[in-house]
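Novice: Just so it is clear, I am handing over coords_3.cif, which has mmCIF, C-alpha atoms and all ligand atoms.
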data_work
#
loop_
_atom_site.label_atom_id
_atom_site.label_comp_id
_atom_site.auth_asym_id
_atom_site.auth_seq_id
_atom_site.Cartn_x
_atom_site.Cartn_y
_atom_site.Cartn_z
CA MET A 175 27.63 20.61 61.42
CA LEU A 176 25.95 19.68 58.17
CA ASN A 177 26.35 15.98 58.82
CA LYS A 178 24.52 16.40 62.12
CA SER A 179 21.40 17.50 60.25
CA GLU A 180 21.44 14.20 58.39
CA THR A 181 21.87 12.06 61.49
CA VAL A 182 18.72 10.25 62.54
CA TYR A 183 18.94 9.34 66.19
CA THR A 184 17.20 6.11 67.10
CA ILE A 185 16.07 4.75 70.45
CA ASP A 186 18.81 2.11 70.08
CA SER A 187 21.54 4.74 69.80
CA LEU A 188 20.01 6.56 72.78
CA ILE A 189 20.01 3.38 74.89
CA GLN A 190 23.57 2.57 73.85
CA LYS A 191 24.72 6.04 74.87
CA ILE A 192 22.99 5.68 78.24
CA LEU A 193 24.71 2.33 78.83
CA ASP A 194 28.10 3.78 77.85
CA ASP A 195 27.68 6.80 80.13
CA GLU A 196 29.48 6.73 83.45
CA LYS A 197 26.49 8.45 84.97
CA GLN A 198 23.66 6.33 86.36
CA TYR A 199 20.32 6.55 84.57
CA ASP A 200 16.95 4.90 85.21
CA LEU A 201 16.89 3.12 81.87
CA SER A 202 13.51 1.43 82.31
CA LYS A 203 11.85 4.78 83.05
CA ILE A 204 13.43 6.27 79.91
CA ILE A 205 12.28 3.32 77.78
CA SER A 206 8.73 3.63 79.17
CA ALA A 207 8.74 7.34 78.27
CA TYR A 208 9.93 6.46 74.78
CA GLU A 209 7.24 3.78 74.32
CA PHE A 210 4.55 6.15 75.54
CA ALA A 211 5.70 8.95 73.20
CA ALA A 212 6.14 6.62 70.21
CA LYS A 213 2.56 5.39 70.67
CA ALA A 214 1.15 8.90 71.13
CA HIS A 215 2.90 10.26 68.02
CA ALA A 216 2.33 7.01 66.07
CA ASN A 217 0.64 8.49 63.00
CA GLN A 218 2.50 11.80 62.83
CA VAL A 219 5.34 12.65 60.48
CA ARG A 220 7.81 15.53 60.34
CA SER A 221 8.28 17.83 57.34
CA SER A 222 11.19 15.60 56.37
CA GLY A 223 8.78 12.67 56.04
CA GLU A 224 10.34 10.85 58.99
CA PRO A 225 8.17 9.48 61.81
CA TYR A 226 7.57 12.27 64.35
CA ILE A 227 9.14 10.28 67.21
CA THR A 228 12.60 10.79 65.64
CA HIS A 229 12.41 14.42 66.83
CA PRO A 230 11.86 13.84 70.58
CA VAL A 231 14.46 11.04 70.46
CA ALA A 232 16.99 13.44 68.91
CA VAL A 233 16.21 16.10 71.55
CA ALA A 234 16.69 13.48 74.29
CA TYR A 235 20.00 12.48 72.71
CA ILE A 236 21.29 16.07 72.70
CA LEU A 237 20.29 16.44 76.37
CA LEU A 238 22.12 13.22 77.14
CA GLU A 239 25.23 14.67 75.50
CA LEU A 240 24.87 17.66 77.83
CA GLY A 241 24.75 15.21 80.73
CA MET A 242 21.23 15.99 81.93
CA ASP A 243 19.37 13.69 84.36
CA THR A 244 16.79 10.90 83.90
CA ASP A 245 13.73 13.13 84.37
CA THR A 246 15.02 15.64 81.81
CA ILE A 247 15.60 12.84 79.27
CA CYS A 248 12.08 11.49 79.91
CA ALA A 249 10.58 14.98 79.59
CA ALA A 250 12.48 15.47 76.30
CA LEU A 251 10.97 12.26 74.91
CA LEU A 252 7.53 13.44 76.00
CA HIS A 253 7.95 17.16 75.30
CA ASP A 254 5.46 17.37 72.42
CA VAL A 255 2.80 14.87 73.56
CA VAL A 256 0.62 17.34 75.47
CA GLU A 257 0.78 19.91 72.66
CA ASP A 258 0.35 17.55 69.72
CA THR A 259 -1.63 14.55 70.98
CA ASP A 260 -4.56 13.75 73.31
CA THR A 261 -2.27 13.09 76.26
CA THR A 262 -2.97 15.09 79.42
CA LEU A 263 -0.54 16.31 82.05
CA GLU A 264 -2.44 14.26 84.61
CA GLU A 265 -1.57 11.06 82.72
CA LEU A 266 2.10 12.04 82.61
CA ARG A 267 2.05 12.82 86.32
CA LYS A 268 0.62 9.40 87.16
CA LEU A 269 3.02 7.51 84.90
CA PHE A 270 6.26 9.49 85.20
CA GLY A 271 5.90 11.61 88.32
CA GLN A 272 5.49 15.28 89.19
CA ASP A 273 8.90 16.42 87.92
CA VAL A 274 8.54 15.02 84.40
CA ALA A 275 4.98 16.40 84.14
CA MET A 276 6.13 19.82 85.36
CA LEU A 277 9.01 19.90 82.82
CA VAL A 278 6.71 18.93 79.92
CA ASP A 279 4.20 21.56 81.07
CA GLY A 280 6.96 24.19 81.17
CA VAL A 281 8.19 23.36 77.67
CA THR A 282 4.61 23.33 76.32
CA LYS A 283 3.93 26.76 77.84
CA LEU A 284 7.19 28.18 76.50
CA GLY A 285 6.13 26.98 73.04
CA LYS A 286 2.95 29.02 73.31
CA ILE A 287 4.67 32.35 73.89
CA PRO A 288 4.36 34.09 70.51
CA LEU A 289 7.98 34.95 69.92
CA PHE A 290 8.33 36.37 66.47
CA THR A 291 6.92 39.85 66.96
CA LYS A 292 8.11 43.43 67.26
CA GLU A 293 11.39 44.16 68.94
CA GLU A 294 9.78 45.60 72.09
CA GLN A 295 7.69 42.48 72.53
CA GLN A 296 10.67 40.27 71.86
CA ALA A 297 12.27 41.54 75.03
CA GLU A 298 9.06 40.83 76.92
CA ASN A 299 9.16 37.29 75.52
CA VAL A 300 12.69 36.76 76.72
CA ARG A 301 11.57 37.98 80.13
CA LYS A 302 8.78 35.40 80.16
CA ILE A 303 11.22 32.69 79.19
CA LEU A 304 13.61 33.69 81.95
CA LEU A 305 10.76 33.74 84.44
CA ALA A 306 9.69 30.22 83.43
CA MET A 307 13.33 29.26 83.72
CA SER A 308 13.59 30.54 87.26
CA GLN A 309 11.14 27.83 88.38
CA ASP A 310 13.19 25.03 86.88
CA ILE A 311 16.11 25.80 84.65
CA ARG A 312 15.85 22.36 83.02
CA VAL A 313 12.78 23.66 81.13
CA ILE A 314 14.82 26.13 79.10
CA ILE A 315 17.65 23.64 78.59
CA ILE A 316 15.11 21.22 77.02
CA LYS A 317 13.74 24.08 74.94
CA LEU A 318 17.23 24.99 73.69
CA CYS A 319 17.87 21.39 72.61
CA ASP A 320 14.43 21.26 70.95
CA ARG A 321 15.38 24.39 69.03
CA LEU A 322 18.80 22.99 68.14
CA HIS A 323 17.24 19.90 66.55
CA ASN A 324 14.65 22.01 64.72
CA MET A 325 17.48 24.19 63.38
CA ARG A 326 19.45 21.12 62.28
CA THR A 327 16.44 19.95 60.26
CA LEU A 328 15.29 23.37 59.04
CA GLN A 329 16.00 22.58 55.39
CA PHE A 330 12.73 20.65 55.25
CA ARG A 331 10.63 23.69 56.16
CA PRO A 332 9.21 26.27 53.73
CA ALA A 333 11.41 29.33 53.07
CA TYR A 334 9.38 31.85 55.12
CA LYS A 335 9.43 29.46 58.09
CA GLN A 336 13.18 29.07 57.76
CA ARG A 337 13.70 32.81 57.94
CA ASN A 338 11.36 33.37 60.89
CA THR A 339 12.79 30.46 62.87
CA ALA A 340 16.36 31.53 62.12
CA LEU A 341 15.65 35.12 63.22
CA GLU A 342 13.99 33.97 66.42
CA THR A 343 16.94 31.68 67.09
CA MET A 344 19.46 34.46 66.54
CA ASN A 345 17.55 37.07 68.55
CA ILE A 346 16.21 35.03 71.44
CA TYR A 347 17.57 31.51 71.84
CA ALA A 348 21.25 32.15 71.07
CA PRO A 349 21.45 35.01 73.63
CA ILE A 350 19.78 32.79 76.25
CA ALA A 351 22.18 29.91 75.52
CA HIS A 352 25.02 32.40 75.79
CA ARG A 353 23.69 33.79 79.05
CA LEU A 354 23.54 30.26 80.48
CA GLY A 355 27.07 29.67 79.22
CA ILE A 356 26.11 26.63 77.10
CA ARG A 357 28.69 27.39 74.42
CA THR A 358 28.28 24.12 72.51
CA ILE A 359 24.61 24.89 71.83
CA LYS A 360 25.03 28.62 71.38
CA ASP A 361 27.72 28.26 68.71
CA GLU A 362 25.81 25.66 66.76
CA ILE A 363 22.38 27.36 66.73
CA GLU A 364 24.03 30.69 65.91
CA ASP A 365 25.94 29.24 62.94
CA LEU A 366 22.82 27.42 61.70
CA ALA A 367 20.70 30.58 62.00
CA PHE A 368 23.38 32.65 60.27
CA ARG A 369 23.39 30.23 57.35
CA TYR A 370 19.71 30.94 56.72
CA LEU A 371 19.86 34.67 57.43
CA ASP A 372 22.90 35.47 55.28
CA PRO A 373 23.75 32.47 53.10
CA TYR A 374 26.25 34.43 50.98
CA ALA A 375 28.33 35.71 53.90
CA TYR A 376 28.19 32.25 55.46
CA ALA A 377 29.48 30.60 52.28
CA GLU A 378 32.21 33.22 51.92
CA ILE A 379 33.57 32.65 55.43
CA GLU A 380 33.25 28.89 55.12
CA GLN A 381 35.22 29.05 51.87
CA MET A 382 37.85 31.29 53.46
CA LEU A 383 38.29 28.79 56.30
CA LYS A 384 38.71 25.91 53.85
CA ILE A 385 41.54 27.62 51.98
CA ARG A 386 44.84 26.55 53.44
CA SER A 387 43.12 24.81 56.33
CA ASP A 388 45.74 22.04 56.19
CA GLU A 389 48.54 24.58 56.52
CA ARG A 390 46.81 26.21 59.46
CA GLN A 391 46.26 22.87 61.16
CA ALA A 392 49.96 22.10 60.75
CA PHE A 393 50.79 25.52 62.24
CA ILE A 394 48.62 24.88 65.31
CA ASN A 395 50.08 21.40 65.73
CA SER A 396 53.62 22.76 65.68
CA ILE A 397 52.68 25.39 68.30
CA LYS A 398 51.23 22.65 70.52
CA GLU A 399 54.40 20.57 70.16
CA GLN A 400 56.61 23.53 71.07
CA ILE A 401 54.53 24.25 74.18
CA ALA A 402 54.53 20.61 75.28
CA LYS A 403 58.30 20.45 74.80
CA ARG A 404 58.87 23.57 76.91
CA PHE A 405 56.68 22.27 79.74
CA VAL A 406 58.63 19.01 79.80
CA GLU A 407 61.97 20.88 79.73
CA MET A 408 60.85 22.81 82.78
CA GLY A 409 59.99 19.59 84.60
CA LEU A 410 56.25 20.30 84.45
CA PRO A 411 53.60 17.76 83.45
CA GLU A 412 52.55 18.08 79.81
CA PRO A 413 49.30 20.10 79.82
CA GLN A 414 46.14 19.00 78.09
CA MET A 415 45.92 21.00 74.84
CA SER A 416 43.48 21.44 71.99
CA GLY A 417 43.28 23.58 68.87
CA ARG A 418 40.14 25.52 68.21
CA VAL A 419 38.62 27.12 65.13
CA LYS A 420 36.34 30.04 65.79
CA SER A 421 32.69 29.55 64.77
CA VAL A 422 31.59 30.96 61.40
CA TYR A 423 29.28 33.50 63.02
CA GLY A 424 31.98 34.39 65.54
CA ILE A 425 34.28 35.32 62.66
CA TYR A 426 31.48 37.24 60.96
CA ARG A 427 30.83 39.26 64.11
CA LYS A 428 34.46 40.23 64.48
CA ALA A 429 35.28 40.78 60.83
CA PHE A 430 32.14 42.36 59.45
CA ILE A 431 30.47 44.01 62.42
CA LYS A 432 33.66 45.47 63.85
CA GLY A 433 34.86 46.38 60.38
CA LYS A 434 38.04 44.33 60.53
CA GLY A 435 39.64 42.43 57.72
CA LEU A 436 39.81 38.70 58.09
CA ASP A 437 43.59 38.99 58.65
CA GLU A 438 42.88 41.12 61.69
CA VAL A 439 40.76 38.48 63.38
CA TYR A 440 43.58 37.07 65.45
CA ASP A 441 41.61 34.43 67.22
CA ILE A 442 40.27 32.47 64.24
CA TYR A 443 42.71 29.86 65.44
CA ALA A 444 43.44 29.34 69.09
CA VAL A 445 45.32 26.93 71.29
CA ARG A 446 43.67 25.96 74.54
CA ILE A 447 45.79 24.86 77.49
CA ILE A 448 44.05 23.05 80.33
CA VAL A 449 45.80 22.67 83.67
CA ASN A 450 44.73 21.69 87.17
CA THR A 451 44.97 24.79 89.34
CA VAL A 452 44.62 28.56 89.06
CA ASN A 453 48.30 28.93 89.97
CA GLU A 454 49.24 26.69 87.09
CA CYS A 455 47.17 28.93 84.78
CA TYR A 456 49.26 32.01 85.59
CA ASN A 457 52.41 29.93 85.48
CA ALA A 458 51.47 28.68 82.00
CA LEU A 459 50.78 32.27 80.93
CA GLY A 460 54.29 33.24 81.98
CA ILE A 461 55.74 30.38 79.97
CA ILE A 462 53.71 31.34 76.87
CA HIS A 463 54.78 35.00 77.08
CA ASP A 464 58.35 33.87 77.48
CA MET A 465 58.12 31.65 74.40
CA PHE A 466 56.15 33.96 72.10
CA LYS A 467 55.89 37.73 71.83
CA PRO A 468 52.52 38.91 73.19
CA ILE A 469 50.51 41.47 71.20
CA PRO A 470 49.90 44.52 73.46
CA ASN A 471 46.37 44.99 74.81
CA ARG A 472 45.29 41.51 73.88
CA PHE A 473 45.64 39.96 77.33
CA LYS A 474 42.39 39.31 79.24
CA ASP A 475 42.09 37.86 82.71
CA TYR A 476 38.64 36.31 82.91
CA ILE A 477 39.82 34.30 85.90
CA ALA A 478 40.08 37.34 88.15
CA THR A 479 37.09 38.92 86.40
CA PRO A 480 34.73 36.19 85.14
CA LYS A 481 32.27 37.01 82.38
CA ALA A 482 28.63 37.47 83.38
CA ASN A 483 27.92 33.89 82.32
CA MET A 484 30.60 32.57 84.71
CA TYR A 485 33.13 31.96 81.94
CA GLN A 486 36.67 31.91 83.31
CA SER A 487 39.92 31.71 81.36
CA LEU A 488 43.08 33.65 80.56
CA HIS A 489 43.28 34.90 76.98
CA THR A 490 46.35 36.24 75.29
CA THR A 491 47.32 36.75 71.67
CA VAL A 492 50.92 36.09 70.75
CA ILE A 493 53.01 35.97 67.61
CA GLY A 494 54.39 32.65 66.43
CA ARG A 495 57.68 32.05 64.70
CA GLU A 496 56.29 32.62 61.24
CA GLY A 497 54.92 36.00 62.29
CA ILE A 498 51.41 34.56 62.52
CA PRO A 499 49.36 35.74 65.51
CA PHE A 500 47.26 33.24 67.44
CA GLU A 501 45.25 33.25 70.62
CA VAL A 502 46.09 31.15 73.65
CA GLN A 503 43.37 30.33 76.18
CA ILE A 504 44.47 28.99 79.55
CA ARG A 505 42.08 27.53 82.12
CA THR A 506 41.58 24.79 84.68
CA VAL A 507 39.64 21.56 84.07
CA ASP A 508 36.66 22.93 86.05
CA MET A 509 36.72 26.21 84.15
CA ASN A 510 36.76 24.26 80.91
CA TYR A 511 33.58 22.35 81.89
CA THR A 512 31.88 25.64 82.63
CA ALA A 513 33.16 27.17 79.38
CA GLU A 514 31.70 24.33 77.32
CA TYR A 515 28.50 23.43 79.14
CA GLY A 516 27.74 26.47 81.31
CA ILE A 517 24.98 25.83 83.75
CA ALA A 518 24.48 22.33 82.29
CA ALA A 519 27.91 21.39 83.69
CA HIS A 520 26.09 21.19 87.00
CA TRP A 521 24.25 18.07 85.80
CA LYS A 522 27.01 16.69 83.64
CA TYR A 523 29.64 16.54 86.33
CA LYS A 524 27.46 15.88 89.31
CA GLU A 525 27.52 12.21 90.44
CA SER A 526 30.20 11.56 87.84
CA GLY A 527 32.39 9.34 89.96
CA SER A 528 35.26 11.49 91.16
CA GLY A 529 32.96 13.84 93.06
CA GLN A 530 35.62 16.55 92.96
CA VAL A 531 33.81 18.74 90.50
CA ALA A 532 30.60 18.48 92.46
CA ALA A 533 32.05 20.29 95.47
CA GLY A 534 30.25 23.59 95.96
CA ASP A 535 28.27 22.94 92.83
CA GLU A 536 24.82 23.53 94.26
CA ALA A 537 25.91 26.90 95.60
CA LYS A 538 27.38 27.79 92.22
CA LYS A 539 24.16 26.91 90.41
CA LEU A 540 22.13 28.99 92.82
CA SER A 541 24.37 32.00 92.50
CA TRP A 542 24.14 31.64 88.75
CA LEU A 543 20.36 31.69 88.87
CA ARG A 544 20.36 34.64 91.24
CA GLN A 545 22.64 36.61 88.94
CA ILE A 546 20.40 35.97 85.96
CA LEU A 547 17.34 37.10 87.86
CA GLU A 548 19.05 40.18 89.27
CA TRP A 549 20.32 41.06 85.86
CA GLN A 550 16.79 40.68 84.58
CA GLN A 551 15.36 43.02 87.23
CA ASP A 552 18.06 45.60 86.67
CA MET A 553 16.93 46.23 83.16
CA SER A 554 14.17 48.75 83.58
CA ASP A 555 13.02 49.00 80.02
CA ASN A 556 12.65 46.26 77.47
CA LYS A 557 14.85 47.67 74.79
CA GLU A 558 17.74 48.13 77.18
CA PHE A 559 17.20 44.59 78.39
CA LEU A 560 17.27 43.14 74.90
CA ASN A 561 20.38 45.07 73.99
CA ALA A 562 22.00 43.81 77.16
CA ILE A 563 21.54 40.17 76.27
CA LYS A 564 22.64 40.80 72.73
CA SER A 565 25.78 42.63 73.71
CA ASP A 566 26.60 40.40 76.63
CA LEU A 567 29.38 38.80 74.70
CA ASP A 568 31.19 42.08 74.31
CA MET A 569 30.79 43.10 77.91
CA PHE A 570 34.45 42.94 78.82
CA SER A 571 35.97 42.88 75.38
CA ASP A 572 37.33 46.41 75.66
CA SER A 573 38.87 45.97 79.09
CA VAL A 574 42.59 45.77 79.39
CA TYR A 575 44.22 44.10 82.36
CA CYS A 576 47.79 44.78 83.39
CA PHE A 577 49.92 42.48 85.41
CA THR A 578 53.50 42.55 86.56
MN MN B 601 9.73 19.81 69.71
#
Since I need it in another form, could you write the structure as structure tokens?
Ligand code: MN

Specialist:
Amino acid sequence: MLNKSETVYTIDSLIQKILDDEKQYDLSKIISAYEFAAKAHANQVRSSGEPYITHPVAVAYILLELGMDTDTICAALLHDVVEDTDTTLEELRKLFGQDVAMLVDGVTKLGKIPLFTKEEQQAENVRKILLAMSQDIRVIIIKLCDRLHNMRTLQFRPAYKQRNTALETMNIYAPIAHRLGIRTIKDEIEDLAFRYLDPYAYAEIEQMLKIRSDERQAFINSIKEQIAKRFVEMGLPEPQMSGRVKSVYGIYRKAFIKGKGLDEVYDIYAVRIIVNTVNECYNALGIIHDMFKPIPNRFKDYIATPKANMYQSLHTTVIGREGIPFEVQIRTVDMNYTAEYGIAAHWKYKESGSGQVAAGDEAKKLSWLRQILEWQQDMSDNKEFLNAIKSDLDMFSDSVYCFT
């Protein structure tokens, strides 16, 4: 994460990434947007001393990693020109079309909502953001990437700014990223914000993770080998597997907020198994429970009961040979896209060649949006609403599912 804050993204690296992408982009439109923005911001510098244009380029790069479309990339490159230069929306509309102009306008307006205020007003702000989002969800996705890059480069800002921005990120942007299911962004902005809000706790957890990290990696690798071997013995194709370390803030939440010792956080390390069908998920679960002893009450079926942000997966915690507990997450390829990219998966895996993922995608995106808006209307008072987004993550954490 720290190395990302030192990376300076250039237009060349952006172009290279576009060329390498299997998705089709309108490269000449993106280059025009870059040239326009570079000219408009020509004499401006960031707090780091770098030319201002490095910021919109970095935001565009992050959006490209999420798999967003040409207009979103163009809008990212242009997202600060109306706010910070003489450029008008009318100019953008003429040069880059209605969609790009509308996205830039949305991001500019979002930037004007005074966010760092009293708790009651904070909820009202989140409401405004969600309302803006309901017109075109790409606006908030650009805003989240803008915030991510600002968080990555926060060390160049004065101390009071760091604290305010980190608080706002923790209280408003991380819950929105979570709500949209964009785990990659949520985890990173949350960890970055946590580093500024509680540097001592952050350092302590980071240090704890470093200790014996080689041993733990070896442990996870041996688990993965055992699972692969068993699948092959049973005549099944070897599943796609990955090891996962919980985010620093994720560990903090579990250990400190829930008053558990670090030894009791069973899912610091997890093995993820990715298969093709829902049937194969339950089949894999059976194999895992046959191989390792499950810890009672630690099984969760988020396939049958998805989380509010559409997350689907089976979770179970089992005990390995050395008596060390670890979590196993089992899901399909599609579920994994949704788990990583949330609503952005809609853009990332649309038009991506195979076409399989795209089936029913539009409907899924719409139902997602509807759920968010319904959930927003349900919350009658602001405080309740704010608590709801903050506690979203825990929504089902106390549920226990039984299966025979
Ligand atoms: Mn910006």

Novice: Can you tell me which residues surround Thr259 of chain A at a distance of at most 8 Å, considering only C-alpha atoms, apart from same-chain residues fewer than 3 positions away, and format the answer as a PyMOL selection string?

Specialist: chain A and resi 214-215+254-256

Novice: Taking (25.7, 31.1, 85.1) in the file's coordinates as the center, which residues reach within 6 Å of it, counting only C-alpha atoms, put as a list of chain:residue names?

Specialist: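 With a cut-off of 6 Å, the residues come to A:Leu354, A:Asn483, A:Met484, A:Ile517, A:Trp542.
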
Novice: Please save C-alpha atoms of the selected residues as a JSON list (two decimals), keeping the file's coordinate frame.

Specialist:
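Output file out09.json is given in full below:
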[["chain", "number", "residue", "atom", "x", "y", "z"],
["A", 354, "LEU", "CA", 23.54, 30.26, 80.48],
["A", 483, "ASN", "CA", 27.92, 33.89, 82.32],
["A", 484, "MET", "CA", 30.60, 32.57, 84.71],
["A", 517, "ILE", "CA", 24.98, 25.83, 83.75],
["A", 542, "TRP", "CA", 24.14, 31.64, 88.75]]

Novice: Quick one: pull the distance between atom CA of Leu193 of chain A and atom CA of Ala519 of chain A, Å, one decimal.

Specialist: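 Going from atom CA of Leu193 of chain A over to atom CA of Ala519 of chain A covers 19.9 Å.
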
Novice: Can you work out which one of A:Ile311, A:Val419, A:Ala444, A:Ile425 has the shortest atom-to-atom distance to Ile397 of chain A, counting only C-alpha atoms?

Specialist: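 Nearest to Ile397 of chain A: A:Ala444.
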
Novice: What gap, in Å, lies between atom CA of Asp258 of chain A and atom CA of Tyr208 of chain A?

Specialist: 15.5 Å

Novice: Around ligand MN 601 (chain B), which protein and nucleic acid residues have at least one atom no more than 7 Å from it, if we count all atoms listed in the file? List them as number ranges by chain.

Specialist: A: 229-230, 253-254, 320

Novice: Can you tell me which residues surround Thr358 of chain A at a distance of at most 7 Å, considering all atoms listed in the file, apart from same-chain residues fewer than 3 positions away, and format the answer as a PyMOL selection string?

Specialist: chain A and resi 361-362+514-515

Novice: Which residue gives the smallest distance to Glu501 of chain A among A:Met408, A:Leu459, A:Leu238, A:Ile363, with only C-alpha atoms counted?

Specialist: A:Leu459

Novice: With all atoms listed in the file as the basis for distance, which of A:Ala333, A:Ile192, A:Val422, A:Leu266 is at the shortest distance from Arg369 of chain A?

Specialist: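 Looking only at the distances to Arg369 of chain A, the closest residue turns out to be A:Val422.
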
Novice: Determine the nearest neighbour of Lys522 of chain A from the options A:Asp186, A:Asp279, A:Glu378, A:Glu239, counting only C-alpha atoms.

Specialist: A:Glu239

Novice: Tell me, as number ranges by chain, which residues lie within 8 Å of segment 224-227 of chain A, counting only C-alpha atoms; anything in the same chain fewer than 6 positions away does not count.

Specialist: A: 211-212, 215-218

Novice: What gap, in Å, lies between atom CA of Thr282 of chain A and atom CA of Leu371 of chain A?

Specialist: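 Between atom CA of Thr282 of chain A and atom CA of Leu371 of chain A the gap works out to 26.8 Å.
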
Novice: Which of these, A:Val278, A:Cys319, A:Thr490, A:Arg301, has the shortest distance to Val231 of chain A once you count all atoms listed in the file?

Specialist: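 Going through A:Val278, A:Cys319, A:Thr490, A:Arg301 one by one, the smallest distance to Val231 of chain A is for A:Cys319.
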